[in-house]
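Undergrad: Okay, here's the structure, questions in a sec.
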Amino acid sequence: MTGLTTTLFNALFDDEQLELNRQLVKPQSLLWLDFIGACATAFVTGLVLTTLVTTGLPCSILMALSLVAICYAGFDGCALRFWPTSKWPLLVIGVLNLAYCLAATSVCLLYRESLTHLGAAYFFLEACIVVPLAFVEIRASKGI
């Protein structure tokens, strides 16, 4: 593994890093980060990709992905309001984020013949951000 990959892997999975992770990663910070990311995803997939950019995916699929992101943002908002110190919302949203990435990847594979390079790049970059965040959320839910 490369240096960056090793560092990321250790930060996510190494039990010796758990105490440091607990001090550096607060549940509210992760929920806010996820909330902002879900809002950005909803905006990009629901407005930008359906009207301004050609991705090769049907608008109905992009709108469905946008609706899922809106629901995730709603969950994050409720978690911040009603359960700000509970660890279970981090586990739930972490697993949901992984499910979203799996669904988006499946859609991209299903429409690979019509998927444009820009569409593939967007969903690849989104997964590169969301998957590590999901693992940090899951890890933080176990260590709080």
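In the structure tokens, chains take the letters A, B, ... in the order shown, each chain's residues start at 1, and ligands count up from 1 in the order shown.
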Enumerate the residues of chain A with a DSSP assignment of helix (DSSP H, G or I), computed from the backbone, and present them as a VMD selection string.

TA: chain A and resid 3 to 13 15 to 24 27 to 51 59 to 82 88 to 110 117 to 143

Undergrad: What's around range 94-98 of chain A at 12 Å? Count only C-alpha atoms, leave out sequence neighbours fewer than 6 positions away in its own chain, and write the answer as a ChimeraX atom specification.

TA: /A:27,30-31,34-35,37-38,41,65,68-69,71-73,75-76,87-88,104-105,126-142

Undergrad: Please, could you write that set of residues out with C-alpha atoms as a PDB file, in the first residue's frame?

TA:
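Contents of the output file out_26.pdb:
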ATOM      1  CA  PRO A  27     -20.436  12.983  16.583  1.00  0.00           C
ATOM      2  CA  LEU A  30     -19.625  14.119  11.561  1.00  0.00           C
ATOM      3  CA  LEU A  31     -23.380  14.635  11.420  1.00  0.00           C
ATOM      4  CA  ASP A  34     -22.793  14.444   6.446  1.00  0.00           C
ATOM      5  CA  PHE A  35     -25.714  16.918   6.439  1.00  0.00           C
ATOM      6  CA  GLY A  37     -22.617  16.621   1.966  1.00  0.00           C
ATOM      7  CA  ALA A  38     -26.133  15.226   1.592  1.00  0.00           C
ATOM      8  CA  THR A  41     -25.418  15.778  -3.342  1.00  0.00           C
ATOM      9  CA  LEU A  65     -30.706   9.680  -5.987  1.00  0.00           C
ATOM     10  CA  VAL A  68     -32.411   9.763  -1.170  1.00  0.00           C
ATOM     11  CA  ALA A  69     -29.824  12.463  -0.382  1.00  0.00           C
ATOM     12  CA  CYS A  71     -33.860  11.998   3.149  1.00  0.00           C
ATOM     13  CA  TYR A  72     -30.316  11.489   4.469  1.00  0.00           C
ATOM     14  CA  ALA A  73     -30.031  15.226   5.154  1.00  0.00           C
ATOM     15  CA  PHE A  75     -32.108  12.164   9.096  1.00  0.00           C
ATOM     16  CA  ASP A  76     -28.899  14.060   9.880  1.00  0.00           C
ATOM     17  CA  LYS A  87     -23.857   6.954  18.753  1.00  0.00           C
ATOM     18  CA  TRP A  88     -26.503   5.020  16.841  1.00  0.00           C
ATOM     19  CA  ALA A 104     -25.098   4.698  -7.407  1.00  0.00           C
ATOM     20  CA  THR A 105     -22.374   2.322  -8.567  1.00  0.00           C
ATOM     21  CA  GLU A 126     -18.543  11.138  -4.865  1.00  0.00           C
ATOM     22  CA  ALA A 127     -17.792   7.550  -3.811  1.00  0.00           C
ATOM     23  CA  CYS A 128     -14.185   8.534  -3.029  1.00  0.00           C
ATOM     24  CA  ILE A 129     -15.561  11.061  -0.524  1.00  0.00           C
ATOM     25  CA  VAL A 130     -18.593   9.218   0.855  1.00  0.00           C
ATOM     26  CA  VAL A 131     -17.090   5.754   1.422  1.00  0.00           C
ATOM     27  CA  PRO A 132     -14.250   6.935   3.704  1.00  0.00           C
ATOM     28  CA  LEU A 133     -16.703   9.207   5.534  1.00  0.00           C
ATOM     29  CA  ALA A 134     -19.043   6.253   6.042  1.00  0.00           C
ATOM     30  CA  PHE A 135     -16.230   4.146   7.514  1.00  0.00           C
ATOM     31  CA  VAL A 136     -15.252   6.992   9.847  1.00  0.00           C
ATOM     32  CA  GLU A 137     -18.895   7.331  10.941  1.00  0.00           C
ATOM     33  CA  ILE A 138     -19.214   3.603  11.563  1.00  0.00           C
ATOM     34  CA  ARG A 139     -15.920   3.540  13.412  1.00  0.00           C
ATOM     35  CA  ALA A 140     -16.865   6.584  15.508  1.00  0.00           C
ATOM     36  CA  SER A 141     -20.220   4.991  16.400  1.00  0.00           C
ATOM     37  CA  LYS A 142     -18.357   2.122  18.020  1.00  0.00           C
TER      38      LYS A 142
END

Undergrad: In Å, rounded to a single decimal, give me how far CA of Gly143 in chain A is from CA of Phe82 in chain A.

TA: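 Interatomic distance here is 20.2 Å.
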
Undergrad: Determine the nearest neighbour of Lys26 in chain A from the options A:Thr55, A:Leu49, A:Leu110, A:Pro84, counting only C-alpha atoms.

TA: A:Pro84

Undergrad: Find the distance between CA of Gly46 in chain A and CA of Cys59 in chain A and write it in Å to one decimal.

TA: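 Result for CA of Gly46 in chain A versus CA of Cys59 in chain A: 8.4 Å, one decimal.
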
Undergrad: Give me the residues near Thr50 in chain A as a PyMOL selection string, where near means some atom within 9 Å (using only C-alpha atoms) and where sequence neighbours in that chain fewer than 5 positions away do not count.

TA: chain A and resi 44-45+55+57-60+62-63

Undergrad: With N, CA and C atoms retained, could you export that selection as an mmCIF file, in the first residue's frame?

TA:
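What ended up in out-v8.cif:
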data_model
loop_
_atom_site.group_PDB
_atom_site.id
_atom_site.type_symbol
_atom_site.label_atom_id
_atom_site.label_comp_id
_atom_site.auth_asym_id
_atom_site.auth_seq_id
_atom_site.Cartn_x
_atom_site.Cartn_y
_atom_site.Cartn_z
ATOM 1 N N VAL A 44 -26.672 18.810 -6.479
ATOM 2 C CA VAL A 44 -25.952 18.466 -7.714
ATOM 3 C C VAL A 44 -26.718 17.428 -8.524
ATOM 4 N N THR A 45 -27.151 16.338 -7.883
ATOM 5 C CA THR A 45 -27.836 15.296 -8.652
ATOM 6 C C THR A 45 -29.240 15.717 -9.079
ATOM 7 N N THR A 55 -25.080 13.362 -18.239
ATOM 8 C CA THR A 55 -24.395 12.259 -17.561
ATOM 9 C C THR A 55 -24.636 10.925 -18.240
ATOM 10 N N LEU A 57 -27.361 9.283 -17.664
ATOM 11 C CA LEU A 57 -28.324 8.600 -16.807
ATOM 12 C C LEU A 57 -29.694 9.256 -16.964
ATOM 13 N N PRO A 58 -30.762 8.476 -16.872
ATOM 14 C CA PRO A 58 -32.099 9.072 -16.963
ATOM 15 C C PRO A 58 -32.345 10.066 -15.827
ATOM 16 N N CYS A 59 -33.087 11.109 -16.126
ATOM 17 C CA CYS A 59 -33.411 12.122 -15.106
ATOM 18 C C CYS A 59 -34.143 11.505 -13.926
ATOM 19 N N SER A 60 -34.978 10.501 -14.176
ATOM 20 C CA SER A 60 -35.724 9.879 -13.076
ATOM 21 C C SER A 60 -34.780 9.219 -12.076
ATOM 22 N N LEU A 62 -31.584 10.147 -11.540
ATOM 23 C CA LEU A 62 -30.890 11.234 -10.855
ATOM 24 C C LEU A 62 -31.795 11.874 -9.803
ATOM 25 N N MET A 63 -33.059 12.031 -10.125
ATOM 26 C CA MET A 63 -33.990 12.607 -9.150
ATOM 27 C C MET A 63 -34.189 11.653 -7.965
#

Undergrad: Rounded to one decimal in Å, what is the spacing between CA of Phe124 in chain A and CA of Ala40 in chain A?

TA: 15.5 Å

Undergrad: Rank nothing, just name the residue among A:Leu118, A:Leu125, A:Ala42, A:Val53 nearest to Ser66 in chain A, using only C-alpha atoms.

TA: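 Looking at the shortest contact to Ser66 in chain A, the residue is A:Ala42.
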